[in-house]
Amino acid sequence: MFIRNHSNGIILDVYVQPGSRSSIITGLHGSRLKIKLAARAVEGAANEALCEFISELVQRPKSSITLISGQKARSKSIFIDGDADQLAKQFRQYLSNP
């Protein structure tokens with residue numbers, strides 16, 4: 001599953017497709033949440049846009065979002081600080097109602 005509980009939050013495993021027309025969740029890519037990003041993968045722009053996109057989705061400050069792996073890859077893991085149950089519920093809702 002693309003969500004793992006972690007102390008003080010969750011770890012979200014995502015597959016990112018940069019350079020899209022808009023930033024949206026499109027479903028699953030294997031066991032990862034697939035996210036298309038409008039930003040291009042140039043000098044960290046896609047990573048920055050990913051953190052901003054996640055922050056807006058879960059309505060949490062950007063400071064609560066941390067890219068923990070995959071800085072130069074499409075497969076990434078992101079730590080989100082907050083209530084794990086609430087965050088997991090939000091992402092499951094986004095997946096079922098894109």
# chains A, B, ... in the order shown; residues from 1 in each chain; ligands from 1
>>> residues_around(residues="region 76-78 of chain A", least_positions_apart="6", cutoff="8 Å", atoms="only C-alpha atoms", output="ChimeraX atom specification")
/A:11-16,65-70
>>> residues_around(residues="Gln59 (chain A)", least_positions_apart="3", cutoff="12 Å", atoms="only C-alpha atoms", output="VMD selection string")
chain A and resid 51 to 56 62 to 65 80 to 82 86 to 87 90 to 91
>>> closest_residue(among="A:Lys72, A:Leu50, A:Asp85, A:Arg4", to="Ser23 (chain A)", atoms="only C-alpha atoms")
A:Leu50
>>> closest_residue(among="A:Gln17, A:Gln71, A:Asn97, A:Lys89", to="Glu48 (chain A)", atoms="only C-alpha atoms")
A:Gln71
>>> select_by_dssp(residues="chain A", states="helix (DSSP H, G or I)", output="PyMOL selection string")
chain A and resi 45-58+62-64+84-96
>>> atom_distance(atom1="CA of Asn8 (chain A)", atom2="CA of Glu43 (chain A)")
29.8 Å
>>> residues_around(residues="Gly30 (chain A)", least_positions_apart="3", cutoff="10 Å", atoms="only C-alpha atoms", output="PyMOL selection string")
chain A and resi 1-2+14-15+27+33-34
>>> write_last_selection(atoms="C-alpha atoms", output="mmCIF file, in the first residue's frame")
data_model
loop_
_atom_site.group_PDB
_atom_site.id
_atom_site.type_symbol
_atom_site.label_atom_id
_atom_site.label_comp_id
_atom_site.auth_asym_id
_atom_site.auth_seq_id
_atom_site.Cartn_x
_atom_site.Cartn_y
_atom_site.Cartn_z
ATOM 1 C CA MET A 1 0.000 0.000 0.000
ATOM 2 C CA PHE A 2 1.171 3.545 -0.660
ATOM 3 C CA VAL A 14 4.545 8.061 -4.695
ATOM 4 C CA TYR A 15 5.470 7.742 -8.348
ATOM 5 C CA GLY A 27 -4.323 6.456 -9.396
ATOM 6 C CA LEU A 33 0.330 6.658 -5.526
ATOM 7 C CA LYS A 34 0.797 8.143 -9.013
#
>>> residues_around(residues="Thr26 (chain A)", least_positions_apart="4", cutoff="10 Å", atoms="only C-alpha atoms", output="JSON, numbers by chain")
{"A": [33, 34, 35, 36, 94, 95, 98]}
>>> atom_distance(atom1="CA of Ala45 (chain A)", atom2="CA of Gly9 (chain A)")
24.7 Å
>>> select_by_dssp(residues="chain A", states="strand (DSSP E)", output="count of residues only")
36
>>> atom_distance(atom1="CA of Asn47 (chain A)", atom2="CA of His6 (chain A)")
21.2 Å
>>> decode(residues="region 33-82 of chain A", atoms="N, CA and C atoms", output="compact mmCIF listing (two decimals), in the first residue's frame")
# COMPACT_ATOMS: atom_id res chain seq x y z
N LEU A 33 1.32 5.70 -5.06
CA LEU A 33 0.33 6.66 -5.53
C LEU A 33 0.95 7.42 -6.70
N LYS A 34 0.26 7.45 -7.84
CA LYS A 34 0.80 8.14 -9.01
C LYS A 34 0.30 9.58 -9.03
N ILE A 35 1.24 10.50 -9.14
CA ILE A 35 0.93 11.93 -9.18
C ILE A 35 1.58 12.54 -10.41
N LYS A 36 0.76 13.21 -11.23
CA LYS A 36 1.29 13.97 -12.35
C LYS A 36 1.51 15.39 -11.87
N LEU A 37 2.66 15.95 -12.21
CA LEU A 37 3.01 17.32 -11.79
C LEU A 37 3.21 18.21 -13.01
N ALA A 38 2.73 19.43 -12.91
CA ALA A 38 2.93 20.40 -13.98
C ALA A 38 4.40 20.84 -14.06
N ALA A 39 5.08 20.84 -12.94
CA ALA A 39 6.49 21.28 -12.91
C ALA A 39 7.38 20.28 -13.63
N ARG A 40 8.42 20.78 -14.22
CA ARG A 40 9.40 19.94 -14.89
C ARG A 40 10.48 19.52 -13.89
N ALA A 41 11.13 18.43 -14.20
CA ALA A 41 12.19 17.90 -13.33
C ALA A 41 13.52 18.60 -13.61
N VAL A 42 13.59 19.87 -13.25
CA VAL A 42 14.79 20.66 -13.48
C VAL A 42 15.19 21.32 -12.17
N GLU A 43 16.38 21.02 -11.69
CA GLU A 43 16.95 21.64 -10.50
C GLU A 43 16.00 21.62 -9.30
N GLY A 44 15.35 20.49 -9.07
CA GLY A 44 14.51 20.33 -7.90
C GLY A 44 13.13 20.95 -7.99
N ALA A 45 12.76 21.50 -9.14
CA ALA A 45 11.46 22.16 -9.28
C ALA A 45 10.31 21.17 -9.07
N ALA A 46 10.44 19.96 -9.58
CA ALA A 46 9.37 18.97 -9.42
C ALA A 46 9.25 18.55 -7.95
N ASN A 47 10.35 18.40 -7.25
CA ASN A 47 10.30 18.05 -5.83
C ASN A 47 9.62 19.15 -5.02
N GLU A 48 9.95 20.38 -5.32
CA GLU A 48 9.33 21.53 -4.65
C GLU A 48 7.83 21.57 -4.93
N ALA A 49 7.48 21.37 -6.19
CA ALA A 49 6.06 21.37 -6.58
C ALA A 49 5.31 20.21 -5.93
N LEU A 50 5.96 19.07 -5.81
CA LEU A 50 5.33 17.91 -5.17
C LEU A 50 4.99 18.21 -3.72
N CYS A 51 5.94 18.78 -3.00
CA CYS A 51 5.69 19.12 -1.59
C CYS A 51 4.58 20.16 -1.46
N GLU A 52 4.55 21.14 -2.34
CA GLU A 52 3.48 22.14 -2.32
C GLU A 52 2.13 21.51 -2.63
N PHE A 53 2.09 20.61 -3.63
CA PHE A 53 0.85 19.93 -4.02
C PHE A 53 0.31 19.10 -2.87
N ILE A 54 1.18 18.32 -2.23
CA ILE A 54 0.77 17.48 -1.09
C ILE A 54 0.28 18.38 0.05
N SER A 55 0.99 19.45 0.31
CA SER A 55 0.61 20.39 1.37
C SER A 55 -0.81 20.94 1.15
N GLU A 56 -1.11 21.32 -0.08
CA GLU A 56 -2.43 21.84 -0.39
C GLU A 56 -3.50 20.76 -0.26
N LEU A 57 -3.19 19.53 -0.71
CA LEU A 57 -4.16 18.44 -0.63
C LEU A 57 -4.59 18.15 0.79
N VAL A 58 -3.63 18.08 1.69
CA VAL A 58 -3.93 17.69 3.07
C VAL A 58 -4.14 18.90 3.98
N GLN A 59 -4.05 20.09 3.40
CA GLN A 59 -4.25 21.33 4.14
C GLN A 59 -3.37 21.40 5.38
N ARG A 60 -2.09 21.15 5.14
CA ARG A 60 -1.08 21.22 6.19
C ARG A 60 0.00 22.18 5.73
N PRO A 61 0.71 22.81 6.66
CA PRO A 61 1.80 23.71 6.25
C PRO A 61 2.88 22.93 5.50
N LYS A 62 3.49 23.62 4.56
CA LYS A 62 4.54 22.98 3.77
C LYS A 62 5.68 22.47 4.65
N SER A 63 5.87 23.08 5.79
CA SER A 63 6.92 22.65 6.71
C SER A 63 6.65 21.27 7.30
N SER A 64 5.42 20.77 7.17
CA SER A 64 5.09 19.44 7.70
C SER A 64 5.31 18.34 6.66
N ILE A 65 5.77 18.72 5.46
CA ILE A 65 6.00 17.78 4.36
C ILE A 65 7.51 17.67 4.14
N THR A 66 8.04 16.44 4.16
CA THR A 66 9.48 16.23 3.96
C THR A 66 9.72 15.11 2.96
N LEU A 67 10.46 15.41 1.91
CA LEU A 67 10.86 14.39 0.95
C LEU A 67 12.01 13.61 1.58
N ILE A 68 11.79 12.31 1.85
CA ILE A 68 12.81 11.55 2.57
C ILE A 68 13.62 10.63 1.67
N SER A 69 13.12 10.32 0.47
CA SER A 69 13.93 9.55 -0.48
C SER A 69 13.42 9.79 -1.89
N GLY A 70 14.30 9.57 -2.85
CA GLY A 70 13.95 9.71 -4.25
C GLY A 70 14.12 11.11 -4.80
N GLN A 71 15.06 11.86 -4.25
CA GLN A 71 15.26 13.25 -4.69
C GLN A 71 15.51 13.35 -6.20
N LYS A 72 16.13 12.35 -6.80
CA LYS A 72 16.43 12.39 -8.23
C LYS A 72 15.80 11.22 -8.98
N ALA A 73 14.72 10.70 -8.44
CA ALA A 73 14.03 9.56 -9.06
C ALA A 73 12.54 9.86 -9.14
N ARG A 74 11.84 9.08 -9.94
CA ARG A 74 10.38 9.24 -10.02
C ARG A 74 9.68 8.60 -8.83
N SER A 75 10.27 7.54 -8.28
CA SER A 75 9.71 6.90 -7.08
C SER A 75 10.25 7.63 -5.86
N LYS A 76 9.34 8.14 -5.05
CA LYS A 76 9.73 8.96 -3.91
C LYS A 76 8.97 8.54 -2.66
N SER A 77 9.51 8.85 -1.51
CA SER A 77 8.83 8.66 -0.23
C SER A 77 8.80 10.01 0.48
N ILE A 78 7.62 10.33 1.01
CA ILE A 78 7.39 11.63 1.62
C ILE A 78 6.84 11.41 3.03
N PHE A 79 7.44 12.09 3.99
CA PHE A 79 6.90 12.07 5.35
C PHE A 79 5.96 13.25 5.51
N ILE A 80 4.77 12.97 6.07
CA ILE A 80 3.80 14.03 6.36
C ILE A 80 3.51 14.01 7.85
N ASP A 81 3.83 15.09 8.52
CA ASP A 81 3.61 15.22 9.95
C ASP A 81 2.14 15.50 10.22
N GLY A 82 1.52 14.73 11.12
CA GLY A 82 0.12 14.96 11.45
C GLY A 82 -0.53 13.68 11.93
